[in-house]
>>> print(open('model-v7.pdb').read())   # PDB, N, CA and C atoms
ATOM      1  N   MET E  22       5.766 -12.034  30.983
ATOM      2  CA  MET E  22       5.631 -12.490  32.353
ATOM      3  C   MET E  22       4.245 -12.075  32.859
ATOM      4  N   ASP E  23       3.531 -13.003  33.459
ATOM      5  CA  ASP E  23       2.199 -12.659  33.965
ATOM      6  C   ASP E  23       2.312 -12.014  35.350
ATOM      7  N   ASN E  24       1.180 -11.509  35.839
ATOM      8  CA  ASN E  24       1.193 -10.752  37.100
ATOM      9  C   ASN E  24       1.580 -11.600  38.305
ATOM     10  N   LEU E  25       1.194 -12.877  38.304
ATOM     11  CA  LEU E  25       1.579 -13.738  39.420
ATOM     12  C   LEU E  25       3.101 -13.901  39.463
ATOM     13  N   ALA E  26       3.708 -14.124  38.317
ATOM     14  CA  ALA E  26       5.172 -14.251  38.252
ATOM     15  C   ALA E  26       5.848 -12.946  38.665
ATOM     16  N   ARG E  27       5.285 -11.830  38.254
ATOM     17  CA  ARG E  27       5.849 -10.527  38.639
ATOM     18  C   ARG E  27       5.789 -10.333  40.148
ATOM     19  N   LEU E  28       4.656 -10.714  40.766
ATOM     20  CA  LEU E  28       4.533 -10.578  42.220
ATOM     21  C   LEU E  28       5.507 -11.494  42.951
ATOM     22  N   LYS E  29       5.666 -12.719  42.456
ATOM     23  CA  LYS E  29       6.633 -13.631  43.070
ATOM     24  C   LYS E  29       8.032 -13.034  43.024
ATOM     25  N   LEU E  30       8.385 -12.489  41.884
ATOM     26  CA  LEU E  30       9.699 -11.881  41.707
ATOM     27  C   LEU E  30       9.893 -10.701  42.649
ATOM     28  N   ARG E  31       8.888  -9.864  42.776
ATOM     29  CA  ARG E  31       9.000  -8.640  43.564
ATOM     30  C   ARG E  31       8.944  -8.906  45.061
ATOM     31  N   THR E  32       8.159  -9.926  45.483
ATOM     32  CA  THR E  32       7.926 -10.118  46.917
ATOM     33  C   THR E  32       8.689 -11.276  47.543
ATOM     34  N   ASN E  33       9.111 -12.240  46.730
ATOM     35  CA  ASN E  33       9.712 -13.487  47.242
ATOM     36  C   ASN E  33       8.759 -14.249  48.161
ATOM     37  N   GLU E  34       7.459 -14.032  47.996
ATOM     38  CA  GLU E  34       6.441 -14.718  48.797
ATOM     39  C   GLU E  34       6.329 -16.175  48.338
ATOM     40  N   PRO E  35       6.519 -17.140  49.244
ATOM     41  CA  PRO E  35       6.438 -18.548  48.847
ATOM     42  C   PRO E  35       5.001 -19.065  48.676
ATOM     43  N   ASP E  36       4.039 -18.391  49.294
ATOM     44  CA  ASP E  36       2.644 -18.844  49.247
ATOM     45  C   ASP E  36       1.908 -18.177  48.088
ATOM     46  N   GLU E  37       1.728 -18.919  46.995
ATOM     47  CA  GLU E  37       1.060 -18.372  45.813
ATOM     48  C   GLU E  37      -0.377 -17.971  46.098
ATOM     49  N   ALA E  38      -1.024 -18.639  47.040
ATOM     50  CA  ALA E  38      -2.428 -18.338  47.343
ATOM     51  C   ALA E  38      -2.582 -16.899  47.836
ATOM     52  N   ILE E  39      -1.636 -16.421  48.606
ATOM     53  CA  ILE E  39      -1.683 -15.037  49.093
ATOM     54  C   ILE E  39      -1.580 -14.071  47.920
ATOM     55  N   LEU E  40      -0.656 -14.351  47.007
ATOM     56  CA  LEU E  40      -0.470 -13.477  45.850
ATOM     57  C   LEU E  40      -1.679 -13.515  44.924
ATOM     58  N   GLU E  41      -2.243 -14.703  44.715
ATOM     59  CA  GLU E  41      -3.438 -14.826  43.881
ATOM     60  C   GLU E  41      -4.611 -14.073  44.500
ATOM     61  N   ASP E  42      -4.718 -14.122  45.830
ATOM     62  CA  ASP E  42      -5.781 -13.385  46.516
ATOM     63  C   ASP E  42      -5.600 -11.880  46.331
ATOM     64  N   CYS E  43      -4.372 -11.409  46.431
ATOM     65  CA  CYS E  43      -4.098  -9.982  46.203
ATOM     66  C   CYS E  43      -4.460  -9.588  44.770
ATOM     67  N   LEU E  44      -4.137 -10.444  43.814
ATOM     68  CA  LEU E  44      -4.478 -10.162  42.413
ATOM     69  C   LEU E  44      -5.986 -10.135  42.199
ATOM     70  N   GLU E  45      -6.707 -11.062  42.832
ATOM     71  CA  GLU E  45      -8.167 -11.080  42.695
ATOM     72  C   GLU E  45      -8.804  -9.852  43.345
ATOM     73  N   SER E  46      -8.313  -9.458  44.499
ATOM     74  CA  SER E  46      -8.837  -8.256  45.161
ATOM     75  C   SER E  46      -8.551  -7.014  44.333
ATOM     76  N   ALA E  47      -7.365  -6.950  43.754
ATOM     77  CA  ALA E  47      -7.011  -5.819  42.900
ATOM     78  C   ALA E  47      -7.917  -5.776  41.680
ATOM     79  N   LYS E  48      -8.152  -6.927  41.077
ATOM     80  CA  LYS E  48      -9.046  -7.008  39.914
ATOM     81  C   LYS E  48     -10.452  -6.538  40.283
ATOM     82  N   ALA E  49     -10.954  -6.990  41.425
ATOM     83  CA  ALA E  49     -12.297  -6.588  41.858
ATOM     84  C   ALA E  49     -12.383  -5.079  42.087
ATOM     85  N   ALA E  50     -11.355  -4.503  42.670
ATOM     86  CA  ALA E  50     -11.356  -3.056  42.909
ATOM     87  C   ALA E  50     -11.333  -2.285  41.590
ATOM     88  N   ILE E  51     -10.537  -2.753  40.638
ATOM     89  CA  ILE E  51     -10.472  -2.098  39.328
ATOM     90  C   ILE E  51     -11.804  -2.232  38.601
ATOM     91  N   MET E  52     -12.382  -3.431  38.625
ATOM     92  CA  MET E  52     -13.663  -3.663  37.944
ATOM     93  C   MET E  52     -14.785  -2.822  38.568
ATOM     94  N   ALA E  53     -14.777  -2.715  39.888
ATOM     95  CA  ALA E  53     -15.804  -1.909  40.556
ATOM     96  C   ALA E  53     -15.692  -0.446  40.154
ATOM     97  N   ARG E  54     -14.490   0.023  39.979
ATOM     98  CA  ARG E  54     -14.276   1.409  39.568
ATOM     99  C   ARG E  54     -14.589   1.583  38.082
ATOM    100  N   ARG E  55     -14.252   0.589  37.277
ATOM    101  CA  ARG E  55     -14.444   0.665  35.824
ATOM    102  C   ARG E  55     -15.914   0.544  35.443
ATOM    103  N   TYR E  56     -16.647  -0.334  36.119
ATOM    104  CA  TYR E  56     -18.052  -0.598  35.794
ATOM    105  C   TYR E  56     -18.929  -0.347  37.014
ATOM    106  N   PRO E  57     -19.101   0.912  37.408
ATOM    107  CA  PRO E  57     -19.819   1.193  38.655
ATOM    108  C   PRO E  57     -21.322   0.911  38.607
ATOM    109  N   PHE E  58     -21.917   0.877  37.430
ATOM    110  CA  PHE E  58     -23.370   0.748  37.342
ATOM    111  C   PHE E  58     -23.822  -0.454  36.523
ATOM    112  N   GLN E  59     -22.949  -1.434  36.332
ATOM    113  CA  GLN E  59     -23.323  -2.569  35.502
ATOM    114  C   GLN E  59     -22.533  -3.807  35.897
ATOM    115  N   GLU E  60     -22.922  -4.938  35.330
ATOM    116  CA  GLU E  60     -22.201  -6.183  35.561
ATOM    117  C   GLU E  60     -20.813  -6.086  34.946
ATOM    118  N   TRP E  61     -19.861  -6.748  35.572
ATOM    119  CA  TRP E  61     -18.499  -6.729  35.070
ATOM    120  C   TRP E  61     -18.306  -7.848  34.060
ATOM    121  N   PRO E  62     -17.463  -7.624  33.066
ATOM    122  CA  PRO E  62     -17.065  -8.736  32.203
ATOM    123  C   PRO E  62     -16.163  -9.687  32.990
ATOM    124  N   GLU E  63     -15.936 -10.866  32.461
ATOM    125  CA  GLU E  63     -15.104 -11.861  33.154
ATOM    126  C   GLU E  63     -13.638 -11.444  33.250
ATOM    127  N   GLU E  64     -13.126 -10.884  32.181
ATOM    128  CA  GLU E  64     -11.701 -10.593  32.115
ATOM    129  C   GLU E  64     -11.418  -9.098  32.268
ATOM    130  N   LEU E  65     -10.288  -8.815  32.849
ATOM    131  CA  LEU E  65      -9.796  -7.453  32.983
ATOM    132  C   LEU E  65      -9.203  -7.023  31.644
ATOM    133  N   GLU E  66      -9.477  -5.810  31.240
ATOM    134  CA  GLU E  66      -8.909  -5.306  29.993
ATOM    135  C   GLU E  66      -7.385  -5.279  30.094
ATOM    136  N   ASP E  67      -6.719  -5.566  28.971
ATOM    137  CA  ASP E  67      -5.254  -5.602  28.948
ATOM    138  C   ASP E  67      -4.631  -4.307  29.456
ATOM    139  N   ARG E  68      -5.283  -3.192  29.181
ATOM    140  CA  ARG E  68      -4.717  -1.903  29.587
ATOM    141  C   ARG E  68      -4.627  -1.736  31.098
ATOM    142  N   TYR E  69      -5.361  -2.580  31.854
ATOM    143  CA  TYR E  69      -5.351  -2.493  33.312
ATOM    144  C   TYR E  69      -4.529  -3.597  33.986
ATOM    145  N   LEU E  70      -3.832  -4.424  33.209
ATOM    146  CA  LEU E  70      -3.062  -5.512  33.809
ATOM    147  C   LEU E  70      -1.895  -4.994  34.652
ATOM    148  N   ASP E  71      -1.193  -3.973  34.182
ATOM    149  CA  ASP E  71      -0.111  -3.415  34.992
ATOM    150  C   ASP E  71      -0.661  -2.755  36.251
ATOM    151  N   LEU E  72      -1.792  -2.106  36.131
ATOM    152  CA  LEU E  72      -2.427  -1.506  37.306
ATOM    153  C   LEU E  72      -2.834  -2.594  38.296
ATOM    154  N   GLN E  73      -3.333  -3.722  37.800
ATOM    155  CA  GLN E  73      -3.684  -4.830  38.682
ATOM    156  C   GLN E  73      -2.457  -5.281  39.474
ATOM    157  N   PHE E  74      -1.326  -5.392  38.792
ATOM    158  CA  PHE E  74      -0.087  -5.776  39.478
ATOM    159  C   PHE E  74       0.266  -4.765  40.566
ATOM    160  N   ARG E  75       0.211  -3.491  40.223
ATOM    161  CA  ARG E  75       0.592  -2.454  41.196
ATOM    162  C   ARG E  75      -0.385  -2.395  42.369
ATOM    163  N   CYS E  76      -1.671  -2.593  42.102
ATOM    164  CA  CYS E  76      -2.666  -2.621  43.188
ATOM    165  C   CYS E  76      -2.451  -3.850  44.071
ATOM    166  N   ALA E  77      -2.161  -4.998  43.461
ATOM    167  CA  ALA E  77      -1.909  -6.216  44.231
ATOM    168  C   ALA E  77      -0.665  -6.050  45.108
ATOM    169  N   LEU E  78       0.357  -5.425  44.568
ATOM    170  CA  LEU E  78       1.569  -5.163  45.346
ATOM    171  C   LEU E  78       1.267  -4.212  46.504
ATOM    172  N   ASP E  79       0.420  -3.225  46.260
ATOM    173  CA  ASP E  79      -0.010  -2.295  47.304
ATOM    174  C   ASP E  79      -0.727  -3.066  48.417
ATOM    175  N   LEU E  80      -1.624  -3.969  48.040
ATOM    176  CA  LEU E  80      -2.330  -4.791  49.024
ATOM    177  C   LEU E  80      -1.363  -5.684  49.796
ATOM    178  N   TYR E  81      -0.458  -6.309  49.080
ATOM    179  CA  TYR E  81       0.515  -7.201  49.726
ATOM    180  C   TYR E  81       1.361  -6.438  50.747
ATOM    181  N   ASN E  82       1.797  -5.254  50.383
ATOM    182  CA  ASN E  82       2.646  -4.471  51.276
ATOM    183  C   ASN E  82       1.926  -4.004  52.533
ATOM    184  N   ARG E  83       0.621  -4.058  52.519
ATOM    185  CA  ARG E  83      -0.151  -3.618  53.690
ATOM    186  C   ARG E  83      -0.601  -4.777  54.567
ATOM    187  N   ILE E  84      -0.238  -5.995  54.198
ATOM    188  CA  ILE E  84      -0.635  -7.144  55.008
ATOM    189  C   ILE E  84      -0.096  -6.970  56.424
ATOM    190  N   GLY E  85      -0.986  -7.120  57.378
ATOM    191  CA  GLY E  85      -0.610  -6.945  58.778
ATOM    192  C   GLY E  85      -0.892  -5.559  59.302
ATOM    193  N   ALA E  86      -1.161  -4.622  58.397
ATOM    194  CA  ALA E  86      -1.456  -3.252  58.828
ATOM    195  C   ALA E  86      -2.587  -2.686  57.977
ATOM    196  N   GLU E  87      -3.525  -3.552  57.580
ATOM    197  CA  GLU E  87      -4.616  -3.121  56.729
ATOM    198  C   GLU E  87      -5.398  -1.978  57.381
ATOM    199  N   GLY E  88      -5.724  -0.997  56.577
ATOM    200  CA  GLY E  88      -6.525   0.114  57.058
ATOM    201  C   GLY E  88      -5.800   1.066  57.988
ATOM    202  N   GLN E  89      -4.504   0.959  58.076
ATOM    203  CA  GLN E  89      -3.740   1.822  58.977
ATOM    204  C   GLN E  89      -3.904   3.280  58.563
ATOM    205  N   LEU E  90      -4.301   4.103  59.485
ATOM    206  CA  LEU E  90      -4.477   5.518  59.194
ATOM    207  C   LEU E  90      -3.269   6.334  59.598
ATOM    208  N   SER E  91      -2.560   5.882  60.625
ATOM    209  CA  SER E  91      -1.382   6.622  61.052
ATOM    210  C   SER E  91      -0.490   5.687  61.853
ATOM    211  N   HIS E  92       0.796   5.907  61.750
ATOM    212  CA  HIS E  92       1.751   5.110  62.513
ATOM    213  C   HIS E  92       3.054   5.894  62.570
ATOM    214  N   GLY E  93       3.616   5.985  63.725
ATOM    215  CA  GLY E  93       4.899   6.655  63.863
ATOM    216  C   GLY E  93       5.796   5.885  64.802
ATOM    217  N   GLU E  94       7.048   5.695  64.362
ATOM    218  CA  GLU E  94       7.993   4.959  65.191
ATOM    219  C   GLU E  94       9.399   5.229  64.674
ATOM    220  N   ASN E  95      10.291   5.591  65.554
ATOM    221  CA  ASN E  95      11.700   5.824  65.193
ATOM    222  C   ASN E  95      11.848   6.720  63.968
ATOM    223  N   SER E  96      11.189   7.815  63.983
ATOM    224  CA  SER E  96      11.190   8.816  62.908
ATOM    225  C   SER E  96      10.621   8.305  61.583
ATOM    226  N   ILE E  97       9.890   7.201  61.616
ATOM    227  CA  ILE E  97       9.162   6.712  60.442
ATOM    228  C   ILE E  97       7.693   6.993  60.672
ATOM    229  N   SER E  98       7.071   7.621  59.707
ATOM    230  CA  SER E  98       5.655   7.958  59.834
ATOM    231  C   SER E  98       4.890   7.407  58.643
ATOM    232  N   ARG E  99       3.770   6.730  58.898
ATOM    233  CA  ARG E  99       2.929   6.183  57.844
ATOM    234  C   ARG E  99       1.513   6.699  58.015
ATOM    235  N   THR E 100       0.919   7.130  56.961
ATOM    236  CA  THR E 100      -0.493   7.486  56.941
ATOM    237  C   THR E 100      -1.050   6.972  55.625
ATOM    238  N   TRP E 101      -2.043   6.112  55.685
ATOM    239  CA  TRP E 101      -2.595   5.534  54.472
ATOM    240  C   TRP E 101      -3.973   6.081  54.192
ATOM    241  N   GLU E 102      -4.337   5.970  52.962
ATOM    242  CA  GLU E 102      -5.650   6.423  52.545
ATOM    243  C   GLU E 102      -6.715   5.502  53.123
ATOM    244  N   SER E 103      -7.967   5.900  52.984
ATOM    245  CA  SER E 103      -9.041   5.160  53.630
ATOM    246  C   SER E 103      -9.327   3.808  52.995
ATOM    247  N   SER E 104      -9.017   3.633  51.718
ATOM    248  CA  SER E 104      -9.265   2.340  51.088
ATOM    249  C   SER E 104      -8.056   1.432  51.272
ATOM    250  N   TRP E 105      -8.227   0.154  51.001
ATOM    251  CA  TRP E 105      -7.115  -0.779  51.141
ATOM    252  C   TRP E 105      -6.134  -0.627  50.002
ATOM    253  N   ILE E 106      -6.583  -0.039  48.897
ATOM    254  CA  ILE E 106      -5.716   0.240  47.758
ATOM    255  C   ILE E 106      -5.622   1.752  47.648
ATOM    256  N   SER E 107      -4.448   2.252  47.405
ATOM    257  CA  SER E 107      -4.244   3.695  47.321
ATOM    258  C   SER E 107      -5.166   4.319  46.283
ATOM    259  N   GLU E 108      -5.817   5.370  46.661
ATOM    260  CA  GLU E 108      -6.724   6.075  45.755
ATOM    261  C   GLU E 108      -5.978   6.583  44.529
ATOM    262  N   SER E 109      -4.726   6.940  44.703
ATOM    263  CA  SER E 109      -3.949   7.418  43.554
ATOM    264  C   SER E 109      -3.825   6.340  42.478
ATOM    265  N   LEU E 110      -3.790   5.073  42.864
ATOM    266  CA  LEU E 110      -3.779   3.988  41.874
ATOM    267  C   LEU E 110      -5.143   3.835  41.228
ATOM    268  N   LEU E 111      -6.189   3.843  42.032
ATOM    269  CA  LEU E 111      -7.532   3.639  41.490
ATOM    270  C   LEU E 111      -7.987   4.798  40.609
ATOM    271  N   GLN E 112      -7.379   5.966  40.760
ATOM    272  CA  GLN E 112      -7.724   7.092  39.897
ATOM    273  C   GLN E 112      -7.289   6.866  38.458
ATOM    274  N   GLU E 113      -6.464   5.863  38.218
ATOM    275  CA  GLU E 113      -6.039   5.540  36.859
ATOM    276  C   GLU E 113      -7.121   4.805  36.067
ATOM    277  N   VAL E 114      -8.177   4.377  36.738
ATOM    278  CA  VAL E 114      -9.261   3.649  36.081
ATOM    279  C   VAL E 114     -10.282   4.651  35.552
ATOM    280  N   THR E 115     -10.653   4.483  34.298
ATOM    281  CA  THR E 115     -11.676   5.326  33.686
ATOM    282  C   THR E 115     -13.019   4.628  33.800
ATOM    283  N   PRO E 116     -13.976   5.176  34.559
ATOM    284  CA  PRO E 116     -15.283   4.534  34.708
ATOM    285  C   PRO E 116     -16.081   4.569  33.404
ATOM    286  N   LEU E 117     -16.851   3.513  33.193
ATOM    287  CA  LEU E 117     -17.784   3.453  32.074
ATOM    288  C   LEU E 117     -19.189   3.532  32.652
ATOM    289  N   ALA E 118     -19.995   4.402  32.124
ATOM    290  CA  ALA E 118     -21.361   4.547  32.637
ATOM    291  C   ALA E 118     -22.405   3.954  31.707
ATOM    292  N   GLY E 119     -22.037   3.665  30.471
ATOM    293  CA  GLY E 119     -22.991   3.109  29.516
ATOM    294  C   GLY E 119     -22.953   1.601  29.513
ATOM    295  N   ARG E 120     -23.748   0.999  28.648
ATOM    296  CA  ARG E 120     -23.784  -0.459  28.521
ATOM    297  C   ARG E 120     -22.643  -0.943  27.653
ATOM    298  N   VAL E 121     -22.045  -2.017  28.057
ATOM    299  CA  VAL E 121     -21.009  -2.658  27.260
ATOM    300  C   VAL E 121     -21.658  -3.804  26.514
ATOM    301  N   THR E 122     -21.445  -3.840  25.206
ATOM    302  CA  THR E 122     -22.049  -4.920  24.425
ATOM    303  C   THR E 122     -21.025  -5.909  23.970
TER
END
>>> encode(input="model-v7.pdb", output="structure tokens")
Amino acid sequence: MDNLARLKLRTNEPDEAILEDCLESAKAAIMARRYPFQEWPEELEDRYLDLQFRCALDLYNRIGAEGQLSHGENSISRTWESSWISESLLQEVTPLAGRVT
């Protein structure tokens, strides 16, 4: 099952464009972390496909409250990290500093 199908299953979102946008943003965030000092390759490495799904789901779940730093209501409290994707997810990416051939 590809990541788009997984997101559809998990979210029941009828608009595929929203899910595809979340996947592209997740890919860009992973690539920026993976290749901080060089051009990115076209494709995401297979080892990061599950992370892409989890980052996209993180982005999807924050729609409508992007960048929220704190929220409290009816004994529910939310505090999010400064990035749109949880730093704990992005810490799973190993940066490459050398040239990729």
>>> closest_residue(input="model-v7.pdb", among="E:Ala50, E:Phe74, E:Glu108, E:Glu45", to="Arg27 of chain E", atoms="only N, CA and C atoms")
E:Phe74
>>> atom_distance(input="model-v7.pdb", atom1="atom C of Ser107 of chain E", atom2="atom CA of Asp42 of chain E")
17.7 Å
>>> atom_distance(input="model-v7.pdb", atom1="atom CA of Cys43 of chain E", atom2="atom CA of Leu110 of chain E")
14.6 Å
>>> atom_distance(input="model-v7.pdb", atom1="atom CA of Asp23 of chain E", atom2="atom CA of Ala118 of chain E")
29.2 Å
>>> closest_residue(input="model-v7.pdb", among="E:Leu30, E:Leu40, E:Met22, E:Leu65", to="Ala53 of chain E", atoms="only C-alpha atoms")
E:Leu65
>>> resolve_selection(input="model-v7.pdb", expression="the PyMOL selection byres ((chain E and resi 44) around 8)", output="list in words")
Asn24, Leu25, Ala38, Ile39, Leu40, Glu41, Asp42, Cys43, Glu45, Ser46, Ala47, Lys48, Ala49, Ala50, Gln73, Phe74, Cys76, Ala77, Leu78, Leu80 and Tyr81 of chain E
>>> closest_residue(input="model-v7.pdb", among="E:Leu72, E:Leu111, E:Ile106, E:Ile84", to="Arg54 of chain E", atoms="all atoms listed in the file")
E:Leu111
>>> axis_aligned_box(input="model-v7.pdb", around="segment 26-40 of chain E", padding_each_side="5 Å", output="JSON")
{"center_x": 3.7, "center_y": -13.9, "center_z": 43.8, "size_x": 22.5, "size_y": 20.4, "size_z": 21.0}
>>> closest_residue(input="model-v7.pdb", among="E:Phe58, E:Ile51, E:Leu28, E:Asn33", to="Gln112 of chain E", atoms="only C-alpha atoms")
E:Ile51
>>> build_atoms(input="model-v7.pdb", residues="segment 25-35 of chain E", atoms="all heavy atoms", output="PDB file, keeping the file's coordinate frame")
ATOM      1  N   LEU E  25       1.194 -12.877  38.304  1.00  0.00           N
ATOM      2  CA  LEU E  25       1.579 -13.738  39.420  1.00  0.00           C
ATOM      3  C   LEU E  25       3.101 -13.901  39.463  1.00  0.00           C
ATOM      4  O   LEU E  25       3.714 -13.783  40.524  1.00  0.00           O
ATOM      5  CB  LEU E  25       0.885 -15.099  39.315  1.00  0.00           C
ATOM      6  CG  LEU E  25       1.186 -16.077  40.445  1.00  0.00           C
ATOM      7  CD1 LEU E  25       0.799 -15.491  41.802  1.00  0.00           C
ATOM      8  CD2 LEU E  25       0.470 -17.402  40.203  1.00  0.00           C
ATOM      9  N   ALA E  26       3.708 -14.124  38.317  1.00  0.00           N
ATOM     10  CA  ALA E  26       5.172 -14.251  38.252  1.00  0.00           C
ATOM     11  C   ALA E  26       5.848 -12.946  38.665  1.00  0.00           C
ATOM     12  O   ALA E  26       6.877 -12.962  39.358  1.00  0.00           O
ATOM     13  CB  ALA E  26       5.600 -14.656  36.847  1.00  0.00           C
ATOM     14  N   ARG E  27       5.285 -11.830  38.254  1.00  0.00           N
ATOM     15  CA  ARG E  27       5.849 -10.527  38.639  1.00  0.00           C
ATOM     16  C   ARG E  27       5.789 -10.333  40.148  1.00  0.00           C
ATOM     17  O   ARG E  27       6.741  -9.836  40.765  1.00  0.00           O
ATOM     18  CB  ARG E  27       5.096  -9.395  37.943  1.00  0.00           C
ATOM     19  CG  ARG E  27       5.338  -9.328  36.442  1.00  0.00           C
ATOM     20  CD  ARG E  27       4.501  -8.255  35.799  1.00  0.00           C
ATOM     21  NE  ARG E  27       5.007  -6.937  36.167  1.00  0.00           N
ATOM     22  CZ  ARG E  27       4.339  -5.809  35.959  1.00  0.00           C
ATOM     23  NH1 ARG E  27       3.148  -5.815  35.383  1.00  0.00           N
ATOM     24  NH2 ARG E  27       4.858  -4.652  36.311  1.00  0.00           N
ATOM     25  N   LEU E  28       4.656 -10.714  40.766  1.00  0.00           N
ATOM     26  CA  LEU E  28       4.533 -10.578  42.220  1.00  0.00           C
ATOM     27  C   LEU E  28       5.507 -11.494  42.951  1.00  0.00           C
ATOM     28  O   LEU E  28       6.102 -11.100  43.962  1.00  0.00           O
ATOM     29  CB  LEU E  28       3.104 -10.865  42.674  1.00  0.00           C
ATOM     30  CG  LEU E  28       2.107  -9.732  42.530  1.00  0.00           C
ATOM     31  CD1 LEU E  28       0.715 -10.196  42.903  1.00  0.00           C
ATOM     32  CD2 LEU E  28       2.497  -8.544  43.379  1.00  0.00           C
ATOM     33  N   LYS E  29       5.666 -12.719  42.456  1.00  0.00           N
ATOM     34  CA  LYS E  29       6.633 -13.631  43.070  1.00  0.00           C
ATOM     35  C   LYS E  29       8.032 -13.034  43.024  1.00  0.00           C
ATOM     36  O   LYS E  29       8.773 -13.088  44.004  1.00  0.00           O
ATOM     37  CB  LYS E  29       6.645 -14.971  42.333  1.00  0.00           C
ATOM     38  CG  LYS E  29       5.505 -15.866  42.638  1.00  0.00           C
ATOM     39  CD  LYS E  29       5.794 -17.195  41.939  1.00  0.00           C
ATOM     40  CE  LYS E  29       4.570 -17.978  41.677  1.00  0.00           C
ATOM     41  NZ  LYS E  29       4.850 -19.222  40.937  1.00  0.00           N
ATOM     42  N   LEU E  30       8.385 -12.489  41.884  1.00  0.00           N
ATOM     43  CA  LEU E  30       9.699 -11.881  41.707  1.00  0.00           C
ATOM     44  C   LEU E  30       9.893 -10.701  42.649  1.00  0.00           C
ATOM     45  O   LEU E  30      10.937 -10.545  43.290  1.00  0.00           O
ATOM     46  CB  LEU E  30       9.867 -11.427  40.258  1.00  0.00           C
ATOM     47  CG  LEU E  30      11.187 -10.766  39.885  1.00  0.00           C
ATOM     48  CD1 LEU E  30      12.323 -11.785  39.977  1.00  0.00           C
ATOM     49  CD2 LEU E  30      11.105 -10.189  38.484  1.00  0.00           C
ATOM     50  N   ARG E  31       8.888  -9.864  42.776  1.00  0.00           N
ATOM     51  CA  ARG E  31       9.000  -8.640  43.564  1.00  0.00           C
ATOM     52  C   ARG E  31       8.944  -8.906  45.061  1.00  0.00           C
ATOM     53  O   ARG E  31       9.581  -8.201  45.844  1.00  0.00           O
ATOM     54  CB  ARG E  31       7.868  -7.698  43.147  1.00  0.00           C
ATOM     55  CG  ARG E  31       7.974  -6.279  43.639  1.00  0.00           C
ATOM     56  CD  ARG E  31       9.124  -5.485  43.036  1.00  0.00           C
ATOM     57  NE  ARG E  31       8.945  -5.145  41.661  1.00  0.00           N
ATOM     58  CZ  ARG E  31       8.422  -4.026  41.212  1.00  0.00           C
ATOM     59  NH1 ARG E  31       8.003  -3.115  42.050  1.00  0.00           N
ATOM     60  NH2 ARG E  31       8.341  -3.813  39.912  1.00  0.00           N
ATOM     61  N   THR E  32       8.159  -9.926  45.483  1.00  0.00           N
ATOM     62  CA  THR E  32       7.926 -10.118  46.917  1.00  0.00           C
ATOM     63  C   THR E  32       8.689 -11.276  47.543  1.00  0.00           C
ATOM     64  O   THR E  32       8.830 -11.325  48.765  1.00  0.00           O
ATOM     65  CB  THR E  32       6.424 -10.362  47.187  1.00  0.00           C
ATOM     66  OG1 THR E  32       6.029 -11.593  46.565  1.00  0.00           O
ATOM     67  CG2 THR E  32       5.577  -9.213  46.683  1.00  0.00           C
ATOM     68  N   ASN E  33       9.111 -12.240  46.730  1.00  0.00           N
ATOM     69  CA  ASN E  33       9.712 -13.487  47.242  1.00  0.00           C
ATOM     70  C   ASN E  33       8.759 -14.249  48.161  1.00  0.00           C
ATOM     71  O   ASN E  33       9.195 -15.020  49.016  1.00  0.00           O
ATOM     72  CB  ASN E  33      11.034 -13.213  47.977  1.00  0.00           C
ATOM     73  CG  ASN E  33      12.127 -12.778  47.041  1.00  0.00           C
ATOM     74  OD1 ASN E  33      12.261 -13.309  45.949  1.00  0.00           O
ATOM     75  ND2 ASN E  33      12.893 -11.784  47.455  1.00  0.00           N
ATOM     76  N   GLU E  34       7.459 -14.032  47.996  1.00  0.00           N
ATOM     77  CA  GLU E  34       6.441 -14.718  48.797  1.00  0.00           C
ATOM     78  C   GLU E  34       6.329 -16.175  48.338  1.00  0.00           C
ATOM     79  O   GLU E  34       6.061 -16.436  47.170  1.00  0.00           O
ATOM     80  CB  GLU E  34       5.088 -14.014  48.637  1.00  0.00           C
ATOM     81  CG  GLU E  34       3.922 -14.708  49.298  1.00  0.00           C
ATOM     82  CD  GLU E  34       4.063 -14.826  50.797  1.00  0.00           C
ATOM     83  OE1 GLU E  34       4.303 -13.814  51.456  1.00  0.00           O
ATOM     84  OE2 GLU E  34       3.946 -15.969  51.305  1.00  0.00           O
ATOM     85  N   PRO E  35       6.519 -17.140  49.244  1.00  0.00           N
ATOM     86  CA  PRO E  35       6.438 -18.548  48.847  1.00  0.00           C
ATOM     87  C   PRO E  35       5.001 -19.065  48.676  1.00  0.00           C
ATOM     88  O   PRO E  35       4.781 -20.058  48.000  1.00  0.00           O
ATOM     89  CB  PRO E  35       7.155 -19.285  49.986  1.00  0.00           C
ATOM     90  CG  PRO E  35       6.985 -18.389  51.173  1.00  0.00           C
ATOM     91  CD  PRO E  35       6.949 -16.980  50.625  1.00  0.00           C
TER      92      PRO E  35
END
